[in-house]
$ cat model_25.cif   # mmCIF, C-alpha atoms and all ligand atoms
data_target
#
loop_
_atom_site.group_PDB
_atom_site.id
_atom_site.type_symbol
_atom_site.label_atom_id
_atom_site.label_comp_id
_atom_site.auth_asym_id
_atom_site.auth_seq_id
_atom_site.Cartn_x
_atom_site.Cartn_y
_atom_site.Cartn_z
ATOM 1 C CA SER A 1 0.000 0.000 0.000
ATOM 2 C CA ASN A 2 1.272 3.459 -0.888
ATOM 3 C CA LYS A 3 1.239 6.101 1.805
ATOM 4 C CA GLY A 4 -1.155 8.905 0.918
ATOM 5 C CA ALA A 5 -2.371 12.080 2.621
ATOM 6 C CA LEU A 6 -2.220 12.666 6.359
ATOM 7 C CA LEU A 7 -5.747 12.003 7.645
ATOM 8 C CA TYR A 8 -5.224 12.711 11.332
ATOM 9 C CA GLU A 9 -2.464 13.699 13.712
ATOM 10 C CA GLY A 10 -2.701 12.919 17.414
ATOM 11 C CA LYS A 11 -0.271 13.438 20.278
ATOM 12 C CA ALA A 12 1.703 10.233 19.710
ATOM 13 C CA LYS A 13 0.575 8.981 16.272
ATOM 14 C CA GLN A 14 -0.273 10.018 12.736
ATOM 15 C CA VAL A 15 -2.727 8.272 10.421
ATOM 16 C CA PHE A 16 -2.252 8.263 6.638
ATOM 17 C CA GLU A 17 -4.497 7.267 3.744
ATOM 18 C CA THR A 18 -3.503 4.356 1.522
ATOM 19 C CA ASP A 19 -4.692 3.452 -1.973
ATOM 20 C CA LYS A 20 -7.296 1.179 -0.356
ATOM 21 C CA ALA A 21 -10.386 2.841 1.124
ATOM 22 C CA ASP A 22 -10.573 0.372 4.015
ATOM 23 C CA GLU A 23 -6.899 0.457 5.097
ATOM 24 C CA VAL A 24 -4.807 3.202 6.708
ATOM 25 C CA ILE A 25 -1.206 3.530 7.890
ATOM 26 C CA VAL A 26 -0.473 4.401 11.532
ATOM 27 C CA ARG A 27 2.896 6.071 12.266
ATOM 28 C CA PHE A 28 4.196 6.100 15.853
ATOM 29 C CA LYS A 29 6.029 9.256 16.979
ATOM 30 C CA ASP A 30 8.595 9.774 19.742
ATOM 31 C CA ASP A 31 6.520 12.650 21.142
ATOM 32 C CA ALA A 32 5.260 12.087 24.657
ATOM 33 C CA THR A 33 2.573 14.052 26.451
ATOM 34 C CA ALA A 34 0.993 13.647 29.860
ATOM 35 C CA PHE A 35 -1.633 15.310 32.038
ATOM 36 C CA ASN A 36 -3.782 16.338 29.058
ATOM 37 C CA ALA A 37 -0.702 17.582 27.144
ATOM 38 C CA GLN A 38 0.409 20.002 29.881
ATOM 39 C CA LYS A 39 3.663 18.032 30.077
ATOM 40 C CA ARG A 40 5.424 17.471 26.761
ATOM 41 C CA GLY A 41 8.637 15.763 25.759
ATOM 42 C CA GLN A 42 10.393 13.299 23.494
ATOM 43 C CA VAL A 43 11.355 9.750 24.372
ATOM 44 C CA ASP A 44 14.076 8.262 22.157
ATOM 45 C CA LEU A 45 12.973 5.066 20.401
ATOM 46 C CA LYS A 46 9.436 5.303 21.809
ATOM 47 C CA GLY A 47 7.779 5.268 18.381
ATOM 48 C CA GLU A 48 9.727 2.219 17.258
ATOM 49 C CA MET A 49 9.166 0.387 20.543
ATOM 50 C CA ASN A 50 5.418 1.125 20.677
ATOM 51 C CA ASN A 51 5.037 0.022 17.052
ATOM 52 C CA ALA A 52 6.933 -3.204 17.764
ATOM 53 C CA ILE A 53 5.178 -3.887 21.104
ATOM 54 C CA THR A 54 1.690 -3.182 19.682
ATOM 55 C CA THR A 55 2.522 -5.495 16.764
ATOM 56 C CA LEU A 56 3.525 -8.354 19.086
ATOM 57 C CA ILE A 57 0.452 -7.894 21.301
ATOM 58 C CA PHE A 58 -2.086 -7.445 18.481
ATOM 59 C CA GLU A 59 -0.703 -10.483 16.610
ATOM 60 C CA TYR A 60 -0.964 -12.464 19.846
ATOM 61 C CA LEU A 61 -4.562 -11.301 20.422
ATOM 62 C CA ASN A 62 -5.488 -12.087 16.799
ATOM 63 C CA ALA A 63 -4.158 -15.607 17.357
ATOM 64 C CA GLN A 64 -6.414 -15.856 20.453
ATOM 65 C CA ASN A 65 -9.482 -14.970 18.335
ATOM 66 C CA ILE A 66 -9.670 -11.332 19.385
ATOM 67 C CA GLU A 67 -10.288 -9.288 16.271
ATOM 68 C CA THR A 68 -8.027 -6.223 16.003
ATOM 69 C CA HIS A 69 -7.455 -3.583 13.343
ATOM 70 C CA PHE A 70 -3.843 -4.758 12.862
ATOM 71 C CA ILE A 71 -2.846 -6.056 9.397
ATOM 72 C CA SER A 72 0.967 -5.854 9.265
ATOM 73 C CA LYS A 73 4.039 -3.963 10.470
ATOM 74 C CA ILE A 74 5.446 -2.176 7.429
ATOM 75 C CA SER A 75 8.419 -0.269 8.850
ATOM 76 C CA GLU A 76 10.162 0.583 12.121
ATOM 77 C CA ARG A 77 7.533 3.200 12.942
ATOM 78 C CA GLU A 78 4.562 2.228 10.781
ATOM 79 C CA GLN A 79 1.852 -0.379 10.615
ATOM 80 C CA LEU A 80 -0.952 -1.064 8.162
ATOM 81 C CA VAL A 81 -4.358 -1.335 9.835
ATOM 82 C CA LYS A 82 -8.022 -1.703 8.923
ATOM 83 C CA LYS A 83 -9.822 1.610 8.833
ATOM 84 C CA VAL A 84 -12.442 1.795 11.578
ATOM 85 C CA SER A 85 -14.493 4.558 13.077
ATOM 86 C CA ILE A 86 -13.153 4.946 16.579
ATOM 87 C CA ILE A 87 -15.806 4.847 19.300
ATOM 88 C CA PRO A 88 -15.084 8.058 21.254
ATOM 89 C CA ILE A 89 -14.797 6.273 24.596
ATOM 90 C CA GLU A 90 -11.552 5.148 26.228
ATOM 91 C CA MET A 91 -12.037 1.819 27.983
ATOM 92 C CA VAL A 92 -9.787 1.883 31.066
ATOM 93 C CA VAL A 93 -9.320 -1.407 32.932
ATOM 94 C CA ARG A 94 -7.818 -1.574 36.414
ATOM 95 C CA ASN A 95 -6.594 -4.702 38.156
ATOM 96 C CA TYR A 96 -4.748 -2.780 40.910
ATOM 97 C CA SER A 97 -5.200 0.748 42.258
ATOM 98 C CA ALA A 98 -2.995 3.381 40.635
ATOM 99 C CA GLY A 99 -2.950 6.709 38.862
ATOM 100 C CA SER A 100 -6.079 8.815 38.654
ATOM 101 C CA MET A 101 -8.246 6.296 40.518
ATOM 102 C CA ALA A 102 -5.870 6.149 43.492
ATOM 103 C CA GLN A 103 -5.826 9.958 43.520
ATOM 104 C CA ARG A 104 -9.567 10.401 43.149
ATOM 105 C CA LEU A 105 -10.394 7.879 45.874
ATOM 106 C CA GLY A 106 -7.529 8.830 48.205
ATOM 107 C CA ILE A 107 -6.026 5.344 48.296
ATOM 108 C CA GLU A 108 -2.534 3.914 47.927
ATOM 109 C CA GLU A 109 -1.292 2.559 44.616
ATOM 110 C CA GLY A 110 -0.764 -1.165 44.154
ATOM 111 C CA ILE A 111 -3.780 -2.594 45.986
ATOM 112 C CA LYS A 112 -5.145 -5.592 44.084
ATOM 113 C CA SER A 113 -8.827 -5.219 43.226
ATOM 114 C CA PRO A 114 -11.151 -8.156 43.959
ATOM 115 C CA ILE A 115 -13.028 -7.317 40.745
ATOM 116 C CA THR A 116 -12.035 -5.936 37.360
ATOM 117 C CA ILE A 117 -12.664 -2.192 37.424
ATOM 118 C CA PHE A 118 -13.810 -0.450 34.241
ATOM 119 C CA ASP A 119 -13.609 3.313 33.853
ATOM 120 C CA LEU A 120 -15.006 4.945 30.732
ATOM 121 C CA CYS A 121 -13.528 8.250 29.590
ATOM 122 C CA LEU A 122 -14.929 10.433 26.856
ATOM 123 C CA LYS A 123 -12.335 11.094 24.139
ATOM 124 C CA ASP A 124 -12.429 14.888 24.172
ATOM 125 C CA ASP A 125 -9.156 16.813 24.452
ATOM 126 C CA ALA A 126 -10.894 20.135 25.178
ATOM 127 C CA LEU A 127 -12.627 18.585 28.205
ATOM 128 C CA GLY A 128 -9.523 16.600 29.271
ATOM 129 C CA ASP A 129 -11.084 13.177 28.543
ATOM 130 C CA PRO A 130 -13.574 13.262 31.455
ATOM 131 C CA LEU A 131 -14.648 10.143 33.321
ATOM 132 C CA ILE A 132 -18.158 9.133 32.232
ATOM 133 C CA ASN A 133 -20.526 6.241 32.901
ATOM 134 C CA ASP A 134 -22.783 4.136 30.662
ATOM 135 C CA TYR A 135 -25.678 6.578 31.024
ATOM 136 C CA HIS A 136 -23.554 9.526 29.900
ATOM 137 C CA ALA A 137 -22.217 7.484 26.960
ATOM 138 C CA ILE A 138 -25.757 6.723 25.790
ATOM 139 C CA PHE A 139 -26.954 10.285 26.477
ATOM 140 C CA LEU A 140 -24.089 11.632 24.347
ATOM 141 C CA GLY A 141 -24.758 9.139 21.556
ATOM 142 C CA ALA A 142 -21.182 7.845 21.883
ATOM 143 C CA ALA A 143 -22.418 4.241 22.133
ATOM 144 C CA THR A 144 -25.677 2.322 22.410
ATOM 145 C CA ARG A 145 -26.591 -0.011 25.251
ATOM 146 C CA GLU A 146 -25.846 -2.946 22.896
ATOM 147 C CA ASP A 147 -22.487 -1.441 21.905
ATOM 148 C CA LEU A 148 -21.579 -1.035 25.581
ATOM 149 C CA SER A 149 -22.340 -4.639 26.475
ATOM 150 C CA GLU A 150 -20.171 -5.793 23.535
ATOM 151 C CA MET A 151 -17.449 -3.345 24.553
ATOM 152 C CA TYR A 152 -17.339 -4.603 28.152
ATOM 153 C CA ALA A 153 -17.303 -8.252 27.066
ATOM 154 C CA LEU A 154 -14.481 -7.679 24.565
ATOM 155 C CA THR A 155 -12.461 -5.574 27.018
ATOM 156 C CA GLU A 156 -12.843 -8.202 29.748
ATOM 157 C CA LYS A 157 -11.580 -10.940 27.380
ATOM 158 C CA ILE A 158 -8.603 -8.798 26.367
ATOM 159 C CA ASN A 159 -7.789 -8.135 30.037
ATOM 160 C CA LYS A 160 -7.769 -11.874 30.851
ATOM 161 C CA ILE A 161 -5.407 -12.633 27.968
ATOM 162 C CA LEU A 162 -3.089 -9.714 28.733
ATOM 163 C CA ILE A 163 -2.890 -10.390 32.489
ATOM 164 C CA GLN A 164 -1.612 -13.875 31.665
ATOM 165 C CA LEU A 165 0.715 -12.791 28.853
ATOM 166 C CA PHE A 166 2.370 -10.142 31.026
ATOM 167 C CA ASP A 167 2.524 -12.525 34.000
ATOM 168 C CA GLU A 168 4.490 -14.946 31.815
ATOM 169 C CA ILE A 169 7.125 -12.229 31.268
ATOM 170 C CA GLY A 170 7.312 -11.286 34.954
ATOM 171 C CA ILE A 171 5.077 -8.233 34.742
ATOM 172 C CA ILE A 172 2.011 -7.166 36.710
ATOM 173 C CA LEU A 173 -0.605 -5.574 34.443
ATOM 174 C CA VAL A 174 -1.793 -2.865 36.846
ATOM 175 C CA ASP A 175 -4.113 -1.045 34.450
ATOM 176 C CA PHE A 176 -4.465 -0.096 30.798
ATOM 177 C CA LYS A 177 -6.555 1.788 28.266
ATOM 178 C CA ILE A 178 -7.894 0.520 24.961
ATOM 179 C CA GLU A 179 -9.851 2.075 22.138
ATOM 180 C CA LEU A 180 -12.402 0.175 20.103
ATOM 181 C CA GLY A 181 -13.599 0.898 16.599
ATOM 182 C CA LYS A 182 -16.434 -0.104 14.298
ATOM 183 C CA THR A 183 -15.657 -1.653 10.938
ATOM 184 C CA SER A 184 -17.703 -0.709 7.853
ATOM 185 C CA ASP A 185 -19.902 -3.759 8.521
ATOM 186 C CA GLY A 186 -20.598 -2.630 12.100
ATOM 187 C CA LYS A 187 -18.328 -5.026 13.983
ATOM 188 C CA ILE A 188 -16.624 -3.708 17.144
ATOM 189 C CA ILE A 189 -12.903 -4.546 17.130
ATOM 190 C CA LEU A 190 -9.753 -3.525 19.019
ATOM 191 C CA ALA A 191 -7.982 -0.493 17.504
ATOM 192 C CA ASP A 192 -5.330 2.083 18.479
ATOM 193 C CA GLU A 193 -2.372 0.595 20.407
ATOM 194 C CA ILE A 194 -1.372 -1.411 23.475
ATOM 195 C CA SER A 195 2.037 -0.299 24.693
ATOM 196 C CA PRO A 196 3.855 1.088 27.756
ATOM 197 C CA ASP A 197 2.191 4.422 26.828
ATOM 198 C CA THR A 198 -1.243 2.924 27.505
ATOM 199 C CA CYS A 199 -0.544 0.376 30.270
ATOM 200 C CA ARG A 200 0.912 0.410 33.770
ATOM 201 C CA LEU A 201 3.434 -2.431 33.864
ATOM 202 C CA TRP A 202 5.301 -3.282 37.073
ATOM 203 C CA ASP A 203 8.110 -5.807 37.355
ATOM 204 C CA LYS A 204 6.838 -8.651 39.577
ATOM 205 C CA GLU A 205 10.126 -9.056 41.479
ATOM 206 C CA THR A 206 11.294 -5.466 41.957
ATOM 207 C CA MET A 207 7.985 -3.583 41.452
ATOM 208 C CA LYS A 208 9.917 -1.262 39.112
ATOM 209 C CA LYS A 209 7.605 0.730 36.846
ATOM 210 C CA LEU A 210 8.254 -0.151 33.177
ATOM 211 C CA ASP A 211 5.811 2.245 31.528
ATOM 212 C CA LYS A 212 4.922 5.852 30.808
ATOM 213 C CA ASP A 213 4.802 6.727 34.523
ATOM 214 C CA ARG A 214 8.624 6.993 34.218
ATOM 215 C CA PHE A 215 7.987 9.954 31.884
ATOM 216 C CA ARG A 216 4.984 11.371 33.757
ATOM 217 C CA ARG A 217 6.802 11.322 37.107
ATOM 218 C CA ASP A 218 10.347 12.065 35.851
ATOM 219 C CA LEU A 219 11.696 8.723 37.111
ATOM 220 C CA GLY A 220 14.386 8.458 34.407
ATOM 221 C CA ASP A 221 15.309 5.464 32.196
ATOM 222 C CA VAL A 222 12.164 5.885 30.103
ATOM 223 C CA THR A 223 13.587 4.443 26.860
ATOM 224 C CA GLU A 224 15.177 1.565 28.808
ATOM 225 C CA ALA A 225 11.778 0.618 30.248
ATOM 226 C CA TYR A 226 10.127 0.456 26.807
ATOM 227 C CA VAL A 227 13.060 -1.567 25.415
ATOM 228 C CA GLU A 228 12.829 -3.945 28.395
ATOM 229 C CA ILE A 229 9.127 -4.636 27.749
ATOM 230 C CA TYR A 230 9.816 -5.160 24.043
ATOM 231 C CA ASN A 231 12.699 -7.581 24.685
ATOM 232 C CA ARG A 232 10.763 -9.658 27.222
ATOM 233 C CA LEU A 233 7.748 -9.969 24.886
ATOM 234 C CA LYS A 234 9.894 -10.711 21.826
ATOM 235 C CA ASN A 235 11.876 -13.427 23.613
ATOM 236 C CA HIS A 236 8.772 -14.971 25.171
ATOM 237 C CA LEU A 237 6.860 -15.031 21.886
ATOM 238 C CA ASN A 238 9.940 -16.194 19.910
ATOM 239 C CA LYS A 239 9.650 -13.320 17.412
HETATM 240 O O1 LIG A 301 -4.434 8.130 34.444
HETATM 241 P P1 LIG A 301 -5.185 6.896 34.787
HETATM 242 O O2 LIG A 301 -4.801 6.289 36.087
HETATM 243 O O3 LIG A 301 -6.671 7.093 34.677
HETATM 244 O O4 LIG A 301 -4.782 5.845 33.642
HETATM 245 C C1 LIG A 301 -5.235 4.498 33.683
HETATM 246 C C2 LIG A 301 -4.535 3.721 32.572
HETATM 247 O O5 LIG A 301 -4.984 4.172 31.306
HETATM 248 C C3 LIG A 301 -3.019 3.903 32.561
HETATM 249 O O6 LIG A 301 -2.424 2.675 32.165
HETATM 250 C C4 LIG A 301 -2.784 4.965 31.503
HETATM 251 O O7 LIG A 301 -1.517 4.812 30.887
HETATM 252 C C5 LIG A 301 -3.910 4.682 30.529
HETATM 253 N N1 LIG A 301 -4.385 5.900 29.861
HETATM 254 C C6 LIG A 301 -4.116 6.104 28.513
HETATM 255 N N2 LIG A 301 -4.572 7.226 27.882
HETATM 256 C C7 LIG A 301 -5.297 8.140 28.533
HETATM 257 C C8 LIG A 301 -5.595 7.948 29.904
HETATM 258 C C9 LIG A 301 -5.120 6.816 30.540
HETATM 259 O O8 LIG A 301 -3.482 5.266 27.877
HETATM 260 N N3 LIG A 301 -5.727 9.215 27.889
#
$ encode --input "model_25.cif" --output "structure tokens"
Amino acid sequence: SNKGALLYEGKAKQVFETDKADEVIVRFKDDATAFNAQKRGQVDLKGEMNNAITTLIFEYLNAQNIETHFISKISEREQLVKKVSIIPIEMVVRNYSAGSMAQRLGIEEGIKSPITIFDLCLKDDALGDPLINDYHAIFLGAATREDLSEMYALTEKINKILIQLFDEIGIILVDFKIELGKTSDGKIILADEISPDTCRLWDKETMKKLDKDRFRRDLGDVTEAYVEIYNRLKNHLNK
């Protein structure tokens, strides 16, 4: 597929047209933002690592019968994906307390939850991606009741698979965010990315954070953390 016009530019990725109406190219940038883009920076190798990590994870999920938008990795920073219309709701899954939930509820980080916690956030930069619930999502027309039940079921399945995959490489999957999209025939599938930008990943032995919190909280060794996750996944999956 030939790369065509830039369709969309986000904080960490660009999306380009191809010569096929139902396929687009995603390009991963090294730009990093946090706290609704109030903190900005660059992380060396981040684009390449997130492209490679998302590729490994989406191929793994595809093999476990989870449909994703991923078609193929076409270069260090680019992948070919199915064009979908992104549902404007971020599905956040939490297995342990951390981040904004720990803050909001005034609790410590790292407490294991007895149930899978889902937080929905509206994708709206101007509003800072506010937390919403099912009623708000339906009120806003962002999803129907039927969409939401499919979205929860799919997200729950993905969480189960990822908890185990990360456990096998010595990592606790604390929380993560996914985005879902609708194909032209109305199917809801996994889109966007799954990477250390969108997950909290703690080493099981040392509890070291191997994710974007190293950037958000100025902990140092950001690139090293992304490379570490990539190497563990690559070795485990024999890729
Ligand atoms: O900030 P918060 O604790 O709500 O984030 C929960 C999880 O969702 C974290 O893994 C974070 O990296 C991810 N997230 C994301 N994109 C956002 C908000 C959160 O990937 N816009």
$ closest_residue --input "model_25.cif" --among "A:Gly4, A:Gly181, A:Gly99, A:Gly106" --to "ligand LIG 301 (chain A)" --atoms "only C-alpha atoms and all ligand atoms"
A:Gly99
$ residues_near_ligand --input "model_25.cif" --ligand "ligand LIG 301 (chain A)" --cutoff "7 Å" --atoms "all atoms listed in the file" --output "PyMOL selection string"
chain A and resi 92+98-101+129+175-177+197-200+212
$ atom_distance --input "model_25.cif" --atom1 "atom CA of A:Ala143" --atom2 "atom CA of A:Pro88"
8.3 Å
$ atom_distance --input "model_25.cif" --atom1 "atom CA of A:Val222" --atom2 "atom CA of A:Asn95"
23.0 Å
$ atom_distance --input "model_25.cif" --atom1 "atom CA of A:Gly186" --atom2 "atom CA of A:Phe16"
22.0 Å
$ resolve_selection --input "model_25.cif" --expression "the PyMOL selection byres (((chain A and resi 28) around 9) and not hetatm)" --output "ChimeraX atom specification"
/A:12-14,26-27,29-31,46-51,76-79
$ closest_residue --input "model_25.cif" --among "A:Glu9, A:Asp119, A:Glu228, A:Glu205" --to "A:Gly170" --atoms "only C-alpha atoms"
A:Glu205
$ resolve_selection --input "model_25.cif" --expression "the PyMOL selection byres (((chain A and resi 33) around 9) and not hetatm)" --output "NGL selection string"
:A and (11-12 or 31-32 or 34-42 or 215-216)
$ write_last_selection --input "model_25.cif" --atoms "C-alpha atoms" --output "mmCIF file, in the coordinates of the input"
data_model
loop_
_atom_site.group_PDB
_atom_site.id
_atom_site.type_symbol
_atom_site.label_atom_id
_atom_site.label_comp_id
_atom_site.auth_asym_id
_atom_site.auth_seq_id
_atom_site.Cartn_x
_atom_site.Cartn_y
_atom_site.Cartn_z
ATOM 1 C CA LYS A 11 -0.271 13.438 20.278
ATOM 2 C CA ALA A 12 1.703 10.233 19.710
ATOM 3 C CA ASP A 31 6.520 12.650 21.142
ATOM 4 C CA ALA A 32 5.260 12.087 24.657
ATOM 5 C CA ALA A 34 0.993 13.647 29.860
ATOM 6 C CA PHE A 35 -1.633 15.310 32.038
ATOM 7 C CA ASN A 36 -3.782 16.338 29.058
ATOM 8 C CA ALA A 37 -0.702 17.582 27.144
ATOM 9 C CA GLN A 38 0.409 20.002 29.881
ATOM 10 C CA LYS A 39 3.663 18.032 30.077
ATOM 11 C CA ARG A 40 5.424 17.471 26.761
ATOM 12 C CA GLY A 41 8.637 15.763 25.759
ATOM 13 C CA GLN A 42 10.393 13.299 23.494
ATOM 14 C CA PHE A 215 7.987 9.954 31.884
ATOM 15 C CA ARG A 216 4.984 11.371 33.757
#
$ axis_aligned_box --input "model_25.cif" --around "stretch 89-101 of chain A" --padding-each-side "5 Å" --output "lines of an AutoDock Vina configuration file"
center_x = -8.9
center_y = 2.1
center_z = 33.4
size_x = 21.8
size_y = 23.5
size_z = 27.7
$ residues_around --input "model_25.cif" --residues "A:Met91" --least-positions-apart "6" --cutoff "10 Å" --atoms "all atoms listed in the file" --output "list in words"
Phe118, Asp119, Leu120, Cys121, Leu122, Met151, Tyr152, Thr155, Phe176, Lys177, Ile178, Glu179 and Leu180 of chain A
$ closest_residue --input "model_25.cif" --among "A:Ala191, A:Val43, A:Leu173, A:Leu7" --to "A:Gly110" --atoms "only C-alpha atoms"
A:Leu173
$ closest_residue --input "model_25.cif" --among "A:Asp211, A:Ala153, A:Leu80, A:Leu165" --to "A:Glu17" --atoms "all atoms listed in the file"
A:Leu80
$ residues_around --input "model_25.cif" --residues "A:Lys83" --least-positions-apart "4" --cutoff "9 Å" --atoms "only C-alpha atoms" --output "PyMOL selection string"
chain A and resi 21-25+69+181-184
$ closest_residue --input "model_25.cif" --among "A:Leu105, A:Val84, A:Leu210, A:Ile189" --to "A:Asp147" --atoms "only C-alpha atoms"
A:Ile189
$ closest_residue --input "model_25.cif" --among "A:Ile172, A:Ile158, A:Ala5, A:Leu131" --to "A:Asn62" --atoms "only C-alpha atoms"
A:Ile158
$ residues_around --input "model_25.cif" --residues "A:Lys234" --least-positions-apart "5" --cutoff "9 Å" --atoms "only C-alpha atoms" --output "list in words"
Ile53, Leu56, Ile229 and Lys239 of chain A
$ decode --input "model_25.cif" --residues "stretch 106-127 of chain A" --atoms "N, CA and C atoms" --output "mmCIF file, in the first residue's frame"
data_model
loop_
_atom_site.group_PDB
_atom_site.id
_atom_site.type_symbol
_atom_site.label_atom_id
_atom_site.label_comp_id
_atom_site.auth_asym_id
_atom_site.auth_seq_id
_atom_site.Cartn_x
_atom_site.Cartn_y
_atom_site.Cartn_z
ATOM 1 N N GLY A 106 -8.384 8.648 47.031
ATOM 2 C CA GLY A 106 -7.529 8.830 48.205
ATOM 3 C C GLY A 106 -6.994 7.530 48.766
ATOM 4 N N ILE A 107 -6.568 6.632 47.853
ATOM 5 C CA ILE A 107 -6.026 5.344 48.296
ATOM 6 C C ILE A 107 -4.613 5.157 47.749
ATOM 7 N N GLU A 108 -3.893 4.244 48.376
ATOM 8 C CA GLU A 108 -2.534 3.914 47.927
ATOM 9 C C GLU A 108 -2.569 3.266 46.555
ATOM 10 N N GLU A 109 -1.437 3.313 45.861
ATOM 11 C CA GLU A 109 -1.292 2.559 44.616
ATOM 12 C C GLU A 109 -0.909 1.113 44.940
ATOM 13 N N GLY A 110 -1.257 0.213 44.049
ATOM 14 C CA GLY A 110 -0.764 -1.165 44.154
ATOM 15 C C GLY A 110 -1.625 -2.095 44.971
ATOM 16 N N ILE A 111 -2.867 -1.686 45.284
ATOM 17 C CA ILE A 111 -3.780 -2.594 45.986
ATOM 18 C C ILE A 111 -4.545 -3.388 44.930
ATOM 19 N N LYS A 112 -4.479 -4.734 45.063
ATOM 20 C CA LYS A 112 -5.145 -5.592 44.084
ATOM 21 C C LYS A 112 -6.654 -5.490 44.250
ATOM 22 N N SER A 113 -7.375 -5.325 43.150
ATOM 23 C CA SER A 113 -8.827 -5.219 43.226
ATOM 24 C C SER A 113 -9.454 -6.607 43.173
ATOM 25 N N PRO A 114 -10.469 -6.851 44.012
ATOM 26 C CA PRO A 114 -11.151 -8.156 43.959
ATOM 27 C C PRO A 114 -11.986 -8.318 42.691
ATOM 28 N N ILE A 115 -12.299 -7.224 42.015
ATOM 29 C CA ILE A 115 -13.028 -7.317 40.745
ATOM 30 C C ILE A 115 -12.326 -6.455 39.706
ATOM 31 N N THR A 116 -12.563 -6.771 38.440
ATOM 32 C CA THR A 116 -12.035 -5.936 37.360
ATOM 33 C C THR A 116 -12.793 -4.615 37.362
ATOM 34 N N ILE A 117 -12.048 -3.526 37.414
ATOM 35 C CA ILE A 117 -12.664 -2.192 37.424
ATOM 36 C C ILE A 117 -12.618 -1.613 36.014
ATOM 37 N N PHE A 118 -13.766 -1.135 35.538
ATOM 38 C CA PHE A 118 -13.810 -0.450 34.241
ATOM 39 C C PHE A 118 -14.102 1.023 34.483
ATOM 40 N N ASP A 119 -13.303 1.881 33.875
ATOM 41 C CA ASP A 119 -13.609 3.313 33.853
ATOM 42 C C ASP A 119 -13.771 3.705 32.399
ATOM 43 N N LEU A 120 -14.824 4.425 32.090
ATOM 44 C CA LEU A 120 -15.006 4.945 30.732
ATOM 45 C C LEU A 120 -14.625 6.421 30.727
ATOM 46 N N CYS A 121 -13.852 6.829 29.731
ATOM 47 C CA CYS A 121 -13.528 8.250 29.590
ATOM 48 C C CYS A 121 -13.946 8.700 28.199
ATOM 49 N N LEU A 122 -14.545 9.869 28.149
ATOM 50 C CA LEU A 122 -14.929 10.433 26.856
ATOM 51 C C LEU A 122 -13.680 10.969 26.170
ATOM 52 N N LYS A 123 -13.484 10.570 24.896
ATOM 53 C CA LYS A 123 -12.335 11.094 24.139
ATOM 54 C C LYS A 123 -12.674 12.520 23.703
ATOM 55 N N ASP A 124 -12.185 13.478 24.485
ATOM 56 C CA ASP A 124 -12.429 14.888 24.172
ATOM 57 C C ASP A 124 -11.316 15.718 24.809
ATOM 58 N N ASP A 125 -10.332 16.076 23.970
ATOM 59 C CA ASP A 125 -9.156 16.813 24.452
ATOM 60 C C ASP A 125 -9.544 18.103 25.179
ATOM 61 N N ALA A 126 -10.519 18.833 24.599
ATOM 62 C CA ALA A 126 -10.894 20.135 25.178
ATOM 63 C C ALA A 126 -11.426 19.969 26.604
ATOM 64 N N LEU A 127 -12.077 18.836 26.862
ATOM 65 C CA LEU A 127 -12.627 18.585 28.205
ATOM 66 C C LEU A 127 -11.647 17.795 29.077
#
